[in-house]
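Below is one structure, written out as structure tokens, with a few remarks after it.
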Amino acid sequence: MEEMSIKILNSSNEEVTLDILYSFVDRKSNKSYIIYTDYTLDKDSNFNLFASEIINENGKYTLLDIIDKKVKDELKNILKDLSKQLSLEEYL
């Protein structure tokens with residue numbers, strides 16, 4: 001799988017690099033979604049994973065909250081699978 005990173009401005013107006021772990025386009029709405037990490041750690045020292053709708057306007061990326069319940073549920077399942085895979089990779 002090809003690695004993909006994007007740069008965004010966070011709420012403090014600082015540039016942050018995010019690595020995209022999974023992406024897809026919803027055929028019905030034609031909206032793009034990503035699962036990504038910023039390599040921050042949770043309380044159990046696992047990477048935080050996030051999901052957002054992504055809009056690319058001339059190379060400037062905007063991340064939006066996901067409001068479609070069906071998409072949210074699908075992404076939650078993918079997030080669980082990715083978390084398991086990332087946890088297993090440390091033992092490979």
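Every chain in the structure tokens has a letter given in the order shown (A, B, ...), and although residue numbers restart at 1 in each chain, ligands are simply numbered from 1 in the order shown.
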
**Study point:** Leu49 of chain A surroundings by only C-alpha atoms, 7 Å radius, close-in-sequence under 4 positions cut, as a list in words
**Key:**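 The filter keeps Ile35, Tyr36 and Thr37 of chain A.
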
Exercise for review: May I have all residues of chain A that DSSP, computed from the backbone, assigns to alpha helix (DSSP H), given as a list of chain:residue names?
Suggested key: A:Lys69, A:Lys70, A:Val71, A:Lys72, A:Asp73, A:Glu74, A:Leu75, A:Lys76, A:Asn77, A:Ile78, A:Leu79, A:Lys80, A:Asp81, A:Leu82, A:Ser83, A:Lys84, A:Gln85, A:Leu86, A:Ser87, A:Leu88, A:Glu89

Pull N, CA and C atoms from the residues just selected and write them as a PDB file, in the first residue's frame.
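Final file, part_12.pdb:
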ATOM      1  N   LYS A  69     -24.746   8.547   9.810  1.00  0.00           N
ATOM      2  CA  LYS A  69     -24.643   7.458  10.784  1.00  0.00           C
ATOM      3  C   LYS A  69     -24.136   6.165  10.145  1.00  0.00           C
ATOM      4  N   LYS A  70     -24.585   5.856   8.944  1.00  0.00           N
ATOM      5  CA  LYS A  70     -24.146   4.629   8.268  1.00  0.00           C
ATOM      6  C   LYS A  70     -22.638   4.664   8.009  1.00  0.00           C
ATOM      7  N   VAL A  71     -22.136   5.794   7.551  1.00  0.00           N
ATOM      8  CA  VAL A  71     -20.696   5.952   7.312  1.00  0.00           C
ATOM      9  C   VAL A  71     -19.938   5.876   8.634  1.00  0.00           C
ATOM     10  N   LYS A  72     -20.474   6.522   9.680  1.00  0.00           N
ATOM     11  CA  LYS A  72     -19.837   6.469  11.007  1.00  0.00           C
ATOM     12  C   LYS A  72     -19.693   5.031  11.481  1.00  0.00           C
ATOM     13  N   ASP A  73     -20.761   4.257  11.350  1.00  0.00           N
ATOM     14  CA  ASP A  73     -20.727   2.862  11.791  1.00  0.00           C
ATOM     15  C   ASP A  73     -19.709   2.047  10.991  1.00  0.00           C
ATOM     16  N   GLU A  74     -19.679   2.257   9.693  1.00  0.00           N
ATOM     17  CA  GLU A  74     -18.720   1.548   8.843  1.00  0.00           C
ATOM     18  C   GLU A  74     -17.286   1.899   9.238  1.00  0.00           C
ATOM     19  N   LEU A  75     -17.037   3.177   9.469  1.00  0.00           N
ATOM     20  CA  LEU A  75     -15.693   3.617   9.837  1.00  0.00           C
ATOM     21  C   LEU A  75     -15.290   3.130  11.230  1.00  0.00           C
ATOM     22  N   LYS A  76     -16.252   3.030  12.144  1.00  0.00           N
ATOM     23  CA  LYS A  76     -15.941   2.492  13.475  1.00  0.00           C
ATOM     24  C   LYS A  76     -15.429   1.060  13.369  1.00  0.00           C
ATOM     25  N   ASN A  77     -16.053   0.264  12.511  1.00  0.00           N
ATOM     26  CA  ASN A  77     -15.602  -1.114  12.313  1.00  0.00           C
ATOM     27  C   ASN A  77     -14.205  -1.162  11.701  1.00  0.00           C
ATOM     28  N   ILE A  78     -13.959  -0.299  10.748  1.00  0.00           N
ATOM     29  CA  ILE A  78     -12.633  -0.242  10.123  1.00  0.00           C
ATOM     30  C   ILE A  78     -11.596   0.210  11.147  1.00  0.00           C
ATOM     31  N   LEU A  79     -11.951   1.199  11.974  1.00  0.00           N
ATOM     32  CA  LEU A  79     -11.038   1.670  13.020  1.00  0.00           C
ATOM     33  C   LEU A  79     -10.667   0.550  13.980  1.00  0.00           C
ATOM     34  N   LYS A  80     -11.651  -0.251  14.371  1.00  0.00           N
ATOM     35  CA  LYS A  80     -11.374  -1.380  15.262  1.00  0.00           C
ATOM     36  C   LYS A  80     -10.385  -2.344  14.615  1.00  0.00           C
ATOM     37  N   ASP A  81     -10.621  -2.667  13.339  1.00  0.00           N
ATOM     38  CA  ASP A  81      -9.723  -3.581  12.630  1.00  0.00           C
ATOM     39  C   ASP A  81      -8.310  -3.002  12.508  1.00  0.00           C
ATOM     40  N   LEU A  82      -8.218  -1.717  12.175  1.00  0.00           N
ATOM     41  CA  LEU A  82      -6.904  -1.080  12.062  1.00  0.00           C
ATOM     42  C   LEU A  82      -6.180  -1.064  13.400  1.00  0.00           C
ATOM     43  N   SER A  83      -6.906  -0.797  14.472  1.00  0.00           N
ATOM     44  CA  SER A  83      -6.290  -0.792  15.804  1.00  0.00           C
ATOM     45  C   SER A  83      -5.700  -2.155  16.123  1.00  0.00           C
ATOM     46  N   LYS A  84      -6.454  -3.194  15.812  1.00  0.00           N
ATOM     47  CA  LYS A  84      -5.957  -4.554  16.054  1.00  0.00           C
ATOM     48  C   LYS A  84      -4.715  -4.822  15.220  1.00  0.00           C
ATOM     49  N   GLN A  85      -4.748  -4.433  13.955  1.00  0.00           N
ATOM     50  CA  GLN A  85      -3.594  -4.659  13.071  1.00  0.00           C
ATOM     51  C   GLN A  85      -2.372  -3.908  13.567  1.00  0.00           C
ATOM     52  N   LEU A  86      -2.555  -2.660  13.975  1.00  0.00           N
ATOM     53  CA  LEU A  86      -1.423  -1.871  14.462  1.00  0.00           C
ATOM     54  C   LEU A  86      -0.860  -2.461  15.743  1.00  0.00           C
ATOM     55  N   SER A  87      -1.722  -2.997  16.600  1.00  0.00           N
ATOM     56  CA  SER A  87      -1.258  -3.626  17.830  1.00  0.00           C
ATOM     57  C   SER A  87      -0.469  -4.898  17.534  1.00  0.00           C
ATOM     58  N   LEU A  88      -0.924  -5.637  16.539  1.00  0.00           N
ATOM     59  CA  LEU A  88      -0.241  -6.880  16.182  1.00  0.00           C
ATOM     60  C   LEU A  88       1.103  -6.631  15.521  1.00  0.00           C
ATOM     61  N   GLU A  89       1.248  -5.535  14.785  1.00  0.00           N
ATOM     62  CA  GLU A  89       2.478  -5.252  14.054  1.00  0.00           C
ATOM     63  C   GLU A  89       3.688  -5.164  14.972  1.00  0.00           C
TER      64      GLU A  89
END

Please provide as a short mmCIF file (atom, residue, chain, number, x, y, z; two decimals) with C-alpha atoms, in the first residue's frame all residues within 9 Å of Tyr39 of chain A, with the sequence filter that same-chain residues fewer than 2 positions apart are discarded (counting only C-alpha atoms).
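What ended up in result04.cif:
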data_model
loop_
_atom_site.label_atom_id
_atom_site.label_comp_id
_atom_site.auth_asym_id
_atom_site.auth_seq_id
_atom_site.Cartn_x
_atom_site.Cartn_y
_atom_site.Cartn_z
CA LEU A 18 -1.25 13.33 9.24
CA ASP A 19 -0.66 9.86 7.82
CA THR A 37 -3.17 9.22 12.71
CA LEU A 41 -0.65 8.24 21.95
CA ASN A 46 -1.50 3.13 21.39
CA PHE A 47 -1.61 5.49 18.43
CA ASN A 48 -4.74 7.62 18.28
CA LEU A 49 -6.75 6.94 15.14
#

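Separating atom CA of Glu15 of chain A from atom CA of Asp65 of chain A is a distance of 19.3 Å.
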
Exercise for review: Taking the DSSP assignment computed from this structure's backbone, write out as a PyMOL selection string all residues of chain A that belong to strand (DSSP E or B).
Suggested key: chain A and resi 4-9+15-25+32-41+47-57+60-64

Check your understanding: Using only C-alpha atoms, which of A:Asp38, A:Lys31, A:Ile8, A:Asn13 sits nearest Asp68 of chain A?
Key ->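 Of A:Asp38, A:Lys31, A:Ile8, A:Asn13, the one nearest Asp68 of chain A, counting only C-alpha atoms, is A:Lys31.
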
Check your understanding: Which one is closest to Phe50 of chain A: A:Val16, A:Phe24, A:Leu63, A:Asn30? Count only C-alpha atoms.
Key ->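 The shortest atom-to-atom distance to Phe50 of chain A comes from A:Leu63.
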